[in-house]
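Enquirer: Data file upload.cif (mmCIF, N, CA and C atoms) is appended below.
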```cif
data_query
#
loop_
_atom_site.label_atom_id
_atom_site.label_comp_id
_atom_site.auth_asym_id
_atom_site.auth_seq_id
_atom_site.Cartn_x
_atom_site.Cartn_y
_atom_site.Cartn_z
N MET C 17 13.54 -9.73 -18.01
CA MET C 17 12.10 -9.61 -17.86
C MET C 17 11.55 -8.82 -19.04
N LYS C 18 10.32 -9.13 -19.38
CA LYS C 18 9.63 -8.42 -20.46
C LYS C 18 9.16 -7.06 -19.96
N ASP C 19 8.90 -6.15 -20.89
CA ASP C 19 8.50 -4.79 -20.54
C ASP C 19 7.26 -4.76 -19.65
N ASP C 20 6.25 -5.60 -19.94
CA ASP C 20 5.03 -5.60 -19.14
C ASP C 20 5.29 -6.13 -17.73
N GLU C 21 6.23 -7.05 -17.60
CA GLU C 21 6.59 -7.57 -16.27
C GLU C 21 7.33 -6.50 -15.46
N ILE C 22 8.22 -5.79 -16.12
CA ILE C 22 8.94 -4.71 -15.46
C ILE C 22 7.96 -3.63 -15.01
N ALA C 23 6.99 -3.32 -15.87
CA ALA C 23 5.98 -2.31 -15.53
C ALA C 23 5.17 -2.74 -14.31
N LEU C 24 4.83 -4.01 -14.22
CA LEU C 24 4.07 -4.51 -13.08
C LEU C 24 4.87 -4.40 -11.79
N VAL C 25 6.14 -4.74 -11.86
CA VAL C 25 7.00 -4.61 -10.68
C VAL C 25 7.10 -3.13 -10.29
N ALA C 26 7.30 -2.26 -11.29
CA ALA C 26 7.44 -0.82 -11.03
C ALA C 26 6.20 -0.25 -10.37
N GLU C 27 5.01 -0.75 -10.73
CA GLU C 27 3.76 -0.28 -10.12
C GLU C 27 3.73 -0.54 -8.62
N ASN C 28 4.48 -1.53 -8.17
CA ASN C 28 4.50 -1.91 -6.76
C ASN C 28 5.64 -1.24 -5.99
N CYS C 29 6.41 -0.41 -6.67
CA CYS C 29 7.54 0.26 -6.03
C CYS C 29 7.20 1.71 -5.68
N GLU C 30 7.90 2.21 -4.67
CA GLU C 30 7.84 3.62 -4.30
C GLU C 30 9.16 4.25 -4.69
N GLU C 31 9.11 5.48 -5.15
CA GLU C 31 10.33 6.22 -5.43
C GLU C 31 10.80 6.87 -4.13
N LYS C 32 12.08 6.74 -3.83
CA LYS C 32 12.65 7.36 -2.63
C LYS C 32 13.92 8.10 -3.03
N TYR C 33 14.16 9.22 -2.38
CA TYR C 33 15.34 10.03 -2.67
C TYR C 33 16.10 10.26 -1.37
N TYR C 34 17.41 10.04 -1.42
CA TYR C 34 18.26 10.24 -0.25
C TYR C 34 19.44 11.14 -0.63
N PRO C 35 19.58 12.30 0.00
CA PRO C 35 20.75 13.14 -0.24
C PRO C 35 22.02 12.40 0.22
N GLY C 36 23.14 12.73 -0.40
CA GLY C 36 24.41 12.11 -0.01
C GLY C 36 24.66 12.23 1.48
N GLY C 37 25.11 11.14 2.09
CA GLY C 37 25.40 11.13 3.53
C GLY C 37 24.24 10.66 4.38
N ASN C 38 23.03 10.63 3.84
CA ASN C 38 21.87 10.23 4.64
C ASN C 38 21.80 8.71 4.79
N THR C 39 21.42 8.29 6.00
CA THR C 39 21.28 6.87 6.30
C THR C 39 20.00 6.32 5.68
N ILE C 40 20.12 5.14 5.08
CA ILE C 40 18.97 4.47 4.48
C ILE C 40 18.54 3.30 5.36
N LEU C 41 19.49 2.48 5.78
CA LEU C 41 19.21 1.34 6.66
C LEU C 41 20.25 1.32 7.78
N ILE C 42 19.83 0.85 8.95
CA ILE C 42 20.72 0.75 10.10
C ILE C 42 20.91 -0.72 10.45
N GLU C 43 22.17 -1.11 10.61
CA GLU C 43 22.50 -2.49 10.96
C GLU C 43 21.70 -2.94 12.17
N ASN C 44 21.15 -4.14 12.10
CA ASN C 44 20.36 -4.81 13.14
C ASN C 44 18.93 -4.28 13.29
N ALA C 45 18.55 -3.28 12.52
CA ALA C 45 17.15 -2.82 12.54
C ALA C 45 16.31 -3.83 11.73
N PRO C 46 15.01 -3.84 11.94
CA PRO C 46 14.17 -4.75 11.15
C PRO C 46 14.32 -4.45 9.66
N GLY C 47 14.35 -5.52 8.85
CA GLY C 47 14.42 -5.36 7.40
C GLY C 47 13.14 -4.75 6.87
N LYS C 48 13.25 -3.92 5.85
CA LYS C 48 12.09 -3.23 5.31
C LYS C 48 11.64 -3.79 3.98
N GLY C 49 12.58 -4.09 3.11
CA GLY C 49 12.25 -4.51 1.76
C GLY C 49 13.47 -4.35 0.88
N LEU C 50 13.24 -4.35 -0.42
CA LEU C 50 14.31 -4.31 -1.38
C LEU C 50 14.40 -2.92 -2.01
N PHE C 51 15.62 -2.44 -2.18
CA PHE C 51 15.89 -1.15 -2.79
C PHE C 51 16.69 -1.35 -4.07
N LEU C 52 16.27 -0.74 -5.16
CA LEU C 52 17.00 -0.74 -6.41
C LEU C 52 17.54 0.66 -6.64
N ILE C 53 18.83 0.75 -6.93
CA ILE C 53 19.45 2.06 -7.14
C ILE C 53 19.18 2.50 -8.57
N ARG C 54 18.36 3.55 -8.70
CA ARG C 54 18.05 4.09 -10.03
C ARG C 54 19.11 5.09 -10.48
N SER C 55 19.64 5.87 -9.54
CA SER C 55 20.77 6.75 -9.82
C SER C 55 21.50 7.01 -8.51
N GLY C 56 22.78 7.30 -8.62
CA GLY C 56 23.57 7.55 -7.43
C GLY C 56 24.37 6.33 -7.01
N ALA C 57 24.70 6.29 -5.73
CA ALA C 57 25.50 5.19 -5.17
C ALA C 57 25.26 5.12 -3.67
N VAL C 58 25.38 3.93 -3.11
CA VAL C 58 25.23 3.76 -1.66
C VAL C 58 26.45 3.03 -1.11
N ALA C 59 26.78 3.33 0.14
CA ALA C 59 27.88 2.68 0.84
C ALA C 59 27.30 1.66 1.81
N ILE C 60 27.83 0.46 1.77
CA ILE C 60 27.44 -0.60 2.69
C ILE C 60 28.50 -0.66 3.78
N ASN C 61 28.08 -0.49 5.03
CA ASN C 61 29.02 -0.43 6.16
C ASN C 61 28.65 -1.47 7.20
N LYS C 62 29.67 -2.11 7.77
CA LYS C 62 29.47 -3.17 8.76
C LYS C 62 30.31 -2.87 9.99
N LYS C 63 29.73 -3.10 11.15
CA LYS C 63 30.43 -2.89 12.41
C LYS C 63 30.63 -4.25 13.07
N GLY C 64 31.88 -4.59 13.34
CA GLY C 64 32.18 -5.83 14.04
C GLY C 64 32.14 -5.59 15.53
N PRO C 65 32.03 -6.67 16.34
CA PRO C 65 32.02 -6.51 17.79
C PRO C 65 33.28 -5.80 18.29
N GLY C 66 33.09 -4.66 18.93
CA GLY C 66 34.20 -3.89 19.47
C GLY C 66 35.06 -3.21 18.43
N LEU C 67 34.61 -3.17 17.19
CA LEU C 67 35.39 -2.57 16.11
C LEU C 67 34.63 -1.38 15.53
N PRO C 68 35.35 -0.45 14.91
CA PRO C 68 34.66 0.67 14.26
C PRO C 68 33.97 0.20 12.97
N GLU C 69 33.02 0.98 12.53
CA GLU C 69 32.31 0.65 11.30
C GLU C 69 33.28 0.68 10.12
N LYS C 70 33.13 -0.28 9.19
CA LYS C 70 34.02 -0.39 8.04
C LYS C 70 33.18 -0.48 6.76
N ARG C 71 33.58 0.25 5.74
CA ARG C 71 32.91 0.17 4.44
C ARG C 71 33.27 -1.15 3.79
N ILE C 72 32.27 -1.93 3.44
CA ILE C 72 32.53 -3.23 2.82
C ILE C 72 32.17 -3.26 1.34
N ALA C 73 31.37 -2.29 0.89
CA ALA C 73 31.01 -2.26 -0.53
C ALA C 73 30.41 -0.91 -0.89
N VAL C 74 30.47 -0.60 -2.16
CA VAL C 74 29.74 0.53 -2.71
C VAL C 74 28.93 -0.02 -3.87
N LEU C 75 27.62 0.23 -3.82
CA LEU C 75 26.73 -0.23 -4.88
C LEU C 75 26.31 0.97 -5.72
N LYS C 76 26.12 0.73 -7.01
CA LYS C 76 25.81 1.82 -7.93
C LYS C 76 24.53 1.53 -8.70
N GLU C 77 24.25 2.40 -9.66
CA GLU C 77 23.04 2.32 -10.47
C GLU C 77 22.78 0.88 -10.96
N ASN C 78 21.52 0.45 -10.80
CA ASN C 78 21.01 -0.87 -11.17
C ASN C 78 21.39 -1.99 -10.20
N ASP C 79 22.18 -1.69 -9.18
CA ASP C 79 22.42 -2.66 -8.11
C ASP C 79 21.23 -2.60 -7.16
N PHE C 80 21.08 -3.64 -6.34
CA PHE C 80 20.03 -3.60 -5.32
C PHE C 80 20.55 -4.11 -4.00
N PHE C 81 19.83 -3.76 -2.94
CA PHE C 81 20.19 -4.19 -1.59
C PHE C 81 18.91 -4.36 -0.78
N GLY C 82 19.03 -5.04 0.36
CA GLY C 82 17.87 -5.30 1.19
C GLY C 82 17.23 -6.64 0.89
N GLU C 83 17.79 -7.36 -0.08
CA GLU C 83 17.19 -8.63 -0.53
C GLU C 83 17.18 -9.70 0.55
N MET C 84 18.15 -9.66 1.47
CA MET C 84 18.19 -10.70 2.50
C MET C 84 16.96 -10.62 3.41
N SER C 85 16.47 -9.42 3.66
CA SER C 85 15.29 -9.30 4.52
C SER C 85 14.04 -9.86 3.84
N LEU C 86 14.04 -9.92 2.51
CA LEU C 86 12.92 -10.54 1.81
C LEU C 86 12.97 -12.05 1.92
N VAL C 87 14.18 -12.59 1.94
CA VAL C 87 14.35 -14.03 1.93
C VAL C 87 14.17 -14.64 3.32
N ASP C 88 14.81 -14.04 4.33
CA ASP C 88 14.78 -14.68 5.65
C ASP C 88 14.15 -13.84 6.76
N LYS C 89 13.69 -12.64 6.44
CA LYS C 89 13.01 -11.76 7.40
C LYS C 89 13.86 -11.44 8.63
N SER C 90 15.16 -11.52 8.47
CA SER C 90 16.08 -11.20 9.57
C SER C 90 16.34 -9.69 9.61
N PRO C 91 16.93 -9.22 10.71
CA PRO C 91 17.31 -7.81 10.76
C PRO C 91 18.34 -7.48 9.68
N VAL C 92 18.49 -6.21 9.41
CA VAL C 92 19.44 -5.73 8.42
C VAL C 92 20.85 -6.12 8.85
N SER C 93 21.63 -6.68 7.92
CA SER C 93 22.95 -7.20 8.27
C SER C 93 24.05 -6.15 8.22
N ALA C 94 23.79 -4.99 7.60
CA ALA C 94 24.78 -3.92 7.50
C ALA C 94 24.05 -2.60 7.35
N SER C 95 24.72 -1.52 7.72
CA SER C 95 24.14 -0.19 7.52
C SER C 95 24.35 0.23 6.07
N VAL C 96 23.42 1.05 5.58
CA VAL C 96 23.51 1.55 4.21
C VAL C 96 23.27 3.05 4.25
N ALA C 97 24.14 3.81 3.58
CA ALA C 97 23.99 5.26 3.49
C ALA C 97 24.20 5.69 2.04
N ALA C 98 23.51 6.74 1.66
CA ALA C 98 23.71 7.31 0.32
C ALA C 98 25.13 7.88 0.25
N ALA C 99 25.94 7.38 -0.67
CA ALA C 99 27.30 7.90 -0.84
C ALA C 99 27.26 9.25 -1.56
N VAL C 100 26.28 9.40 -2.43
CA VAL C 100 26.00 10.65 -3.15
C VAL C 100 24.48 10.76 -3.22
N ASP C 101 23.94 11.86 -3.70
CA ASP C 101 22.49 11.97 -3.87
C ASP C 101 22.02 10.76 -4.68
N SER C 102 21.00 10.07 -4.17
CA SER C 102 20.58 8.81 -4.78
C SER C 102 19.07 8.70 -4.89
N ALA C 103 18.62 8.22 -6.03
CA ALA C 103 17.20 7.92 -6.26
C ALA C 103 17.05 6.40 -6.26
N LEU C 104 16.13 5.92 -5.43
CA LEU C 104 15.94 4.48 -5.27
C LEU C 104 14.49 4.10 -5.56
N ALA C 105 14.31 2.89 -6.07
CA ALA C 105 12.98 2.30 -6.17
C ALA C 105 12.91 1.31 -5.01
N TYR C 106 11.83 1.35 -4.25
CA TYR C 106 11.68 0.53 -3.04
C TYR C 106 10.42 -0.31 -3.14
N ILE C 107 10.56 -1.59 -2.83
CA ILE C 107 9.38 -2.47 -2.73
C ILE C 107 9.39 -3.11 -1.35
N SER C 108 8.30 -2.94 -0.63
CA SER C 108 8.19 -3.49 0.72
C SER C 108 8.09 -5.01 0.66
N ARG C 109 8.40 -5.65 1.78
CA ARG C 109 8.29 -7.10 1.87
C ARG C 109 6.86 -7.53 1.54
N GLU C 110 5.86 -6.81 2.05
CA GLU C 110 4.47 -7.18 1.82
C GLU C 110 4.11 -7.11 0.34
N LYS C 111 4.51 -6.05 -0.34
CA LYS C 111 4.21 -5.92 -1.77
C LYS C 111 4.98 -6.96 -2.58
N PHE C 112 6.21 -7.24 -2.18
CA PHE C 112 7.01 -8.26 -2.86
C PHE C 112 6.34 -9.63 -2.73
N GLU C 113 5.92 -9.98 -1.52
CA GLU C 113 5.27 -11.27 -1.29
C GLU C 113 3.97 -11.38 -2.09
N HIS C 114 3.19 -10.29 -2.15
CA HIS C 114 1.96 -10.30 -2.95
C HIS C 114 2.29 -10.50 -4.43
N LEU C 115 3.30 -9.80 -4.91
CA LEU C 115 3.69 -9.88 -6.31
C LEU C 115 4.11 -11.30 -6.68
N ILE C 116 4.92 -11.94 -5.85
CA ILE C 116 5.39 -13.29 -6.21
C ILE C 116 4.28 -14.33 -6.06
N THR C 117 3.30 -14.07 -5.20
CA THR C 117 2.18 -14.99 -5.06
C THR C 117 1.21 -14.85 -6.24
N ALA C 118 0.93 -13.63 -6.63
CA ALA C 118 -0.06 -13.36 -7.68
C ALA C 118 0.48 -13.58 -9.09
N HIS C 119 1.79 -13.53 -9.26
CA HIS C 119 2.39 -13.62 -10.60
C HIS C 119 3.56 -14.60 -10.59
N PRO C 120 3.27 -15.90 -10.74
CA PRO C 120 4.32 -16.91 -10.63
C PRO C 120 5.47 -16.78 -11.63
N VAL C 121 5.20 -16.31 -12.85
CA VAL C 121 6.28 -16.16 -13.82
C VAL C 121 7.24 -15.06 -13.38
N ILE C 122 6.69 -13.94 -12.96
CA ILE C 122 7.52 -12.85 -12.46
C ILE C 122 8.25 -13.31 -11.20
N SER C 123 7.55 -14.06 -10.38
CA SER C 123 8.14 -14.58 -9.14
C SER C 123 9.42 -15.35 -9.42
N SER C 124 9.37 -16.26 -10.37
CA SER C 124 10.55 -17.08 -10.64
C SER C 124 11.71 -16.22 -11.15
N LYS C 125 11.42 -15.21 -11.96
CA LYS C 125 12.47 -14.34 -12.48
C LYS C 125 13.07 -13.47 -11.37
N LEU C 126 12.22 -12.92 -10.51
CA LEU C 126 12.71 -12.08 -9.41
C LEU C 126 13.54 -12.90 -8.42
N LEU C 127 13.03 -14.06 -8.06
CA LEU C 127 13.74 -14.89 -7.08
C LEU C 127 15.06 -15.41 -7.64
N LEU C 128 15.09 -15.72 -8.94
CA LEU C 128 16.34 -16.13 -9.56
C LEU C 128 17.36 -14.99 -9.52
N ALA C 129 16.91 -13.79 -9.83
CA ALA C 129 17.81 -12.62 -9.79
C ALA C 129 18.37 -12.41 -8.39
N VAL C 130 17.51 -12.53 -7.38
CA VAL C 130 17.96 -12.37 -5.98
C VAL C 130 18.96 -13.48 -5.64
N ALA C 131 18.66 -14.72 -6.02
CA ALA C 131 19.57 -15.83 -5.72
C ALA C 131 20.92 -15.64 -6.40
N GLN C 132 20.93 -15.15 -7.63
CA GLN C 132 22.19 -14.93 -8.34
C GLN C 132 23.03 -13.86 -7.64
N VAL C 133 22.40 -12.80 -7.19
CA VAL C 133 23.15 -11.74 -6.50
C VAL C 133 23.66 -12.25 -5.16
N LEU C 134 22.84 -12.98 -4.42
CA LEU C 134 23.30 -13.53 -3.14
C LEU C 134 24.49 -14.46 -3.34
N SER C 135 24.42 -15.30 -4.38
CA SER C 135 25.51 -16.21 -4.67
C SER C 135 26.78 -15.46 -5.03
N LYS C 136 26.66 -14.43 -5.86
CA LYS C 136 27.82 -13.62 -6.26
C LYS C 136 28.45 -12.96 -5.05
N ARG C 137 27.62 -12.39 -4.17
CA ARG C 137 28.16 -11.70 -3.00
C ARG C 137 28.81 -12.68 -2.02
N LEU C 138 28.27 -13.88 -1.91
CA LEU C 138 28.88 -14.89 -1.05
C LEU C 138 30.24 -15.32 -1.60
N ARG C 139 30.32 -15.50 -2.90
CA ARG C 139 31.60 -15.87 -3.52
C ARG C 139 32.64 -14.76 -3.32
N GLN C 140 32.21 -13.51 -3.45
CA GLN C 140 33.13 -12.39 -3.24
C GLN C 140 33.61 -12.35 -1.80
N ALA C 141 32.72 -12.62 -0.86
CA ALA C 141 33.10 -12.65 0.56
C ALA C 141 34.08 -13.78 0.81
N ASP C 142 33.87 -14.95 0.20
CA ASP C 142 34.78 -16.08 0.35
C ASP C 142 36.18 -15.74 -0.15
N GLU C 143 36.24 -14.99 -1.26
CA GLU C 143 37.53 -14.63 -1.84
C GLU C 143 38.32 -13.69 -0.94
N ARG C 144 37.62 -12.91 -0.12
CA ARG C 144 38.30 -11.95 0.77
C ARG C 144 38.84 -12.63 2.02
N ILE C 145 38.37 -13.82 2.29
CA ILE C 145 38.79 -14.52 3.53
C ILE C 145 40.15 -15.19 3.34
#
```
So, in terms of structure tokens, how does the structure I just supplied come out?

Expert:
Amino acid sequence: MKDDEIALVAENCEEKYYPGGNTILIENAPGKGLFLIRSGAVAINKKGPGLPEKRIAVLKENDFFGEMSLVDKSPVSASVAAAVDSALAYISREKFEHLITAHPVISSKLLLAVAQVLSKRLRQADERI
């Protein structure tokens, strides 16, 4: 993305800070929006039926999460907690939808980035099976 496009996206984001160990998202809760990790790291944890919670991934600086709730408006598929003190940029579903409607060029770039990450994560999940 070009600098002016990044600036426009940044204008629609809120800065959020989570101390290490603090919960960011809870599995099965309503999706909120997309989070970009500016610094720190987060742990992605999943609980299976009748099983204890298991860490399935750790995401670091410049990774993002919460994208599935933007695409399908489903509940959060896994819990997320700050693994260490973390600074995040957050864009709500409403602001994201406004941004992609009002700015089609940015829309295509953002949606392509989300699709690429979803595809990569699906391939990684397939490899673990």

Enquirer: With all atoms listed in the file as the atoms that count, which of C:Ala103, C:Ile42, C:Val133, C:Ile116 lies nearest to C:Ser55?

Expert: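 Using all atoms listed in the file, C:Ser55 sits closest to C:Ala103.
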
Enquirer: Give me, as a PyMOL selection string, all polymer residues having an atom no more than 6 Å from C:Arg54, counting all atoms listed in the file and skipping those fewer than 5 positions away in the same chain.

Expert: chain C and resi 77-78+103-105

Enquirer: When you count only N, CA and C atoms, which of these residues is closest to C:Ala99: C:Leu128, C:Ala57, C:Asp20, C:Asn44?

Expert: C:Ala57

Enquirer: What's around C:Lys76 at 7 Å? Count only C-alpha atoms, leave out sequence neighbours fewer than 5 positions away in its own chain, and write the answer as a PDB file with N, CA and C atoms, in the coordinates of the input.

Expert:
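Produced file around12.pdb, reproduced below:
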```
ATOM      1  N   ILE C  53      18.830   0.750  -6.930  1.00  0.00           N
ATOM      2  CA  ILE C  53      19.450   2.060  -7.140  1.00  0.00           C
ATOM      3  C   ILE C  53      19.180   2.500  -8.570  1.00  0.00           C
ATOM      4  N   GLY C  56      22.780   7.300  -8.620  1.00  0.00           N
ATOM      5  CA  GLY C  56      23.570   7.550  -7.430  1.00  0.00           C
ATOM      6  C   GLY C  56      24.370   6.330  -7.010  1.00  0.00           C
ATOM      7  N   ALA C  57      24.700   6.290  -5.730  1.00  0.00           N
ATOM      8  CA  ALA C  57      25.500   5.190  -5.170  1.00  0.00           C
ATOM      9  C   ALA C  57      25.260   5.120  -3.670  1.00  0.00           C
ATOM     10  N   VAL C  58      25.380   3.930  -3.110  1.00  0.00           N
ATOM     11  CA  VAL C  58      25.230   3.760  -1.660  1.00  0.00           C
ATOM     12  C   VAL C  58      26.450   3.030  -1.110  1.00  0.00           C
TER      13      VAL C  58
END
```

Enquirer: With distances taken over only N, CA and C atoms, which residue among C:Ala129, C:Ala45, C:Ala94, C:Leu134 lies nearest C:Ile60?

Expert: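 Looking only at the distances to C:Ile60, the closest residue turns out to be C:Ala94.
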
Enquirer: Name the closest residue to C:Gly36 among the candidates C:Glu21, C:Ile72, C:Ser102, C:Ser93; distances are taken between atoms, counting only N, CA and C atoms.

Expert: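 So, comparing all the options, the nearest one is C:Ser102.
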
Enquirer: What does the distance between atom CA of C:Lys32 and atom CA of C:Tyr106 come to in Å, to one decimal place?

Expert: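 Answer for the atom CA of C:Lys32 to atom CA of C:Tyr106 separation: 6.9 Å.
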
Enquirer: Regenerate stretch 72-82 of chain C at the level of all heavy atoms and dump it as a PDB file, keeping the file's coordinate frame.

Expert:
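Output contents, as saved in rebuild_37.pdb:
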```pdb
ATOM      1  N   ILE C  72      32.270  -1.930   3.440  1.00  0.00           N
ATOM      2  CA  ILE C  72      32.530  -3.230   2.820  1.00  0.00           C
ATOM      3  C   ILE C  72      32.170  -3.260   1.340  1.00  0.00           C
ATOM      4  O   ILE C  72      32.600  -4.159   0.628  1.00  0.00           O
ATOM      5  CB  ILE C  72      31.834  -4.380   3.582  1.00  0.00           C
ATOM      6  CG1 ILE C  72      30.318  -4.177   3.631  1.00  0.00           C
ATOM      7  CG2 ILE C  72      32.418  -4.533   4.979  1.00  0.00           C
ATOM      8  CD1 ILE C  72      29.560  -5.366   4.205  1.00  0.00           C
ATOM      9  N   ALA C  73      31.370  -2.290   0.890  1.00  0.00           N
ATOM     10  CA  ALA C  73      31.010  -2.260  -0.530  1.00  0.00           C
ATOM     11  C   ALA C  73      30.410  -0.910  -0.890  1.00  0.00           C
ATOM     12  O   ALA C  73      29.907  -0.194  -0.015  1.00  0.00           O
ATOM     13  CB  ALA C  73      30.026  -3.375  -0.855  1.00  0.00           C
ATOM     14  N   VAL C  74      30.470  -0.600  -2.160  1.00  0.00           N
ATOM     15  CA  VAL C  74      29.740   0.530  -2.710  1.00  0.00           C
ATOM     16  C   VAL C  74      28.930  -0.020  -3.870  1.00  0.00           C
ATOM     17  O   VAL C  74      29.458  -0.707  -4.748  1.00  0.00           O
ATOM     18  CB  VAL C  74      30.689   1.651  -3.208  1.00  0.00           C
ATOM     19  CG1 VAL C  74      29.902   2.753  -3.911  1.00  0.00           C
ATOM     20  CG2 VAL C  74      31.484   2.233  -2.045  1.00  0.00           C
ATOM     21  N   LEU C  75      27.620   0.230  -3.820  1.00  0.00           N
ATOM     22  CA  LEU C  75      26.730  -0.230  -4.880  1.00  0.00           C
ATOM     23  C   LEU C  75      26.310   0.970  -5.720  1.00  0.00           C
ATOM     24  O   LEU C  75      26.126   2.073  -5.188  1.00  0.00           O
ATOM     25  CB  LEU C  75      25.508  -0.924  -4.294  1.00  0.00           C
ATOM     26  CG  LEU C  75      25.789  -2.122  -3.376  1.00  0.00           C
ATOM     27  CD1 LEU C  75      24.484  -2.695  -2.839  1.00  0.00           C
ATOM     28  CD2 LEU C  75      26.580  -3.194  -4.109  1.00  0.00           C
ATOM     29  N   LYS C  76      26.120   0.730  -7.010  1.00  0.00           N
ATOM     30  CA  LYS C  76      25.810   1.820  -7.930  1.00  0.00           C
ATOM     31  C   LYS C  76      24.530   1.530  -8.700  1.00  0.00           C
ATOM     32  O   LYS C  76      23.851   0.542  -8.431  1.00  0.00           O
ATOM     33  CB  LYS C  76      26.989   2.043  -8.881  1.00  0.00           C
ATOM     34  CG  LYS C  76      28.253   2.456  -8.135  1.00  0.00           C
ATOM     35  CD  LYS C  76      29.423   2.662  -9.046  1.00  0.00           C
ATOM     36  CE  LYS C  76      30.633   3.060  -8.200  1.00  0.00           C
ATOM     37  NZ  LYS C  76      31.830   3.184  -8.938  1.00  0.00           N
ATOM     38  N   GLU C  77      24.250   2.400  -9.660  1.00  0.00           N
ATOM     39  CA  GLU C  77      23.040   2.320 -10.470  1.00  0.00           C
ATOM     40  C   GLU C  77      22.780   0.880 -10.960  1.00  0.00           C
ATOM     41  O   GLU C  77      23.684   0.197 -11.412  1.00  0.00           O
ATOM     42  CB  GLU C  77      23.175   3.249 -11.676  1.00  0.00           C
ATOM     43  CG  GLU C  77      21.897   3.436 -12.449  1.00  0.00           C
ATOM     44  CD  GLU C  77      22.023   4.515 -13.505  1.00  0.00           C
ATOM     45  OE1 GLU C  77      22.751   5.501 -13.283  1.00  0.00           O
ATOM     46  OE2 GLU C  77      21.376   4.369 -14.547  1.00  0.00           O
ATOM     47  N   ASN C  78      21.520   0.450 -10.800  1.00  0.00           N
ATOM     48  CA  ASN C  78      21.010  -0.870 -11.170  1.00  0.00           C
ATOM     49  C   ASN C  78      21.390  -1.990 -10.200  1.00  0.00           C
ATOM     50  O   ASN C  78      20.963  -3.119 -10.383  1.00  0.00           O
ATOM     51  CB  ASN C  78      21.379  -1.254 -12.612  1.00  0.00           C
ATOM     52  CG  ASN C  78      20.719  -0.340 -13.617  1.00  0.00           C
ATOM     53  OD1 ASN C  78      19.568   0.056 -13.442  1.00  0.00           O
ATOM     54  ND2 ASN C  78      21.434   0.017 -14.655  1.00  0.00           N
ATOM     55  N   ASP C  79      22.180  -1.690  -9.180  1.00  0.00           N
ATOM     56  CA  ASP C  79      22.420  -2.660  -8.110  1.00  0.00           C
ATOM     57  C   ASP C  79      21.230  -2.600  -7.160  1.00  0.00           C
ATOM     58  O   ASP C  79      20.473  -1.636  -7.158  1.00  0.00           O
ATOM     59  CB  ASP C  79      23.690  -2.332  -7.324  1.00  0.00           C
ATOM     60  CG  ASP C  79      24.960  -2.648  -8.084  1.00  0.00           C
ATOM     61  OD1 ASP C  79      24.955  -3.549  -8.942  1.00  0.00           O
ATOM     62  OD2 ASP C  79      25.982  -1.970  -7.816  1.00  0.00           O
ATOM     63  N   PHE C  80      21.080  -3.640  -6.340  1.00  0.00           N
ATOM     64  CA  PHE C  80      20.030  -3.600  -5.320  1.00  0.00           C
ATOM     65  C   PHE C  80      20.550  -4.110  -4.000  1.00  0.00           C
ATOM     66  O   PHE C  80      21.585  -4.769  -3.926  1.00  0.00           O
ATOM     67  CB  PHE C  80      18.766  -4.341  -5.769  1.00  0.00           C
ATOM     68  CG  PHE C  80      18.939  -5.796  -6.091  1.00  0.00           C
ATOM     69  CD1 PHE C  80      18.916  -6.767  -5.098  1.00  0.00           C
ATOM     70  CD2 PHE C  80      19.080  -6.215  -7.405  1.00  0.00           C
ATOM     71  CE1 PHE C  80      19.044  -8.113  -5.393  1.00  0.00           C
ATOM     72  CE2 PHE C  80      19.202  -7.557  -7.717  1.00  0.00           C
ATOM     73  CZ  PHE C  80      19.191  -8.505  -6.711  1.00  0.00           C
ATOM     74  N   PHE C  81      19.830  -3.760  -2.940  1.00  0.00           N
ATOM     75  CA  PHE C  81      20.190  -4.190  -1.590  1.00  0.00           C
ATOM     76  C   PHE C  81      18.910  -4.360  -0.780  1.00  0.00           C
ATOM     77  O   PHE C  81      17.841  -3.902  -1.177  1.00  0.00           O
ATOM     78  CB  PHE C  81      21.165  -3.213  -0.924  1.00  0.00           C
ATOM     79  CG  PHE C  81      20.636  -1.810  -0.792  1.00  0.00           C
ATOM     80  CD1 PHE C  81      20.008  -1.395   0.374  1.00  0.00           C
ATOM     81  CD2 PHE C  81      20.763  -0.900  -1.830  1.00  0.00           C
ATOM     82  CE1 PHE C  81      19.510  -0.100   0.502  1.00  0.00           C
ATOM     83  CE2 PHE C  81      20.284   0.397  -1.713  1.00  0.00           C
ATOM     84  CZ  PHE C  81      19.651   0.800  -0.550  1.00  0.00           C
ATOM     85  N   GLY C  82      19.030  -5.040   0.360  1.00  0.00           N
ATOM     86  CA  GLY C  82      17.870  -5.300   1.190  1.00  0.00           C
ATOM     87  C   GLY C  82      17.230  -6.640   0.890  1.00  0.00           C
ATOM     88  O   GLY C  82      16.265  -7.048   1.538  1.00  0.00           O
TER      89      GLY C  82
END
```
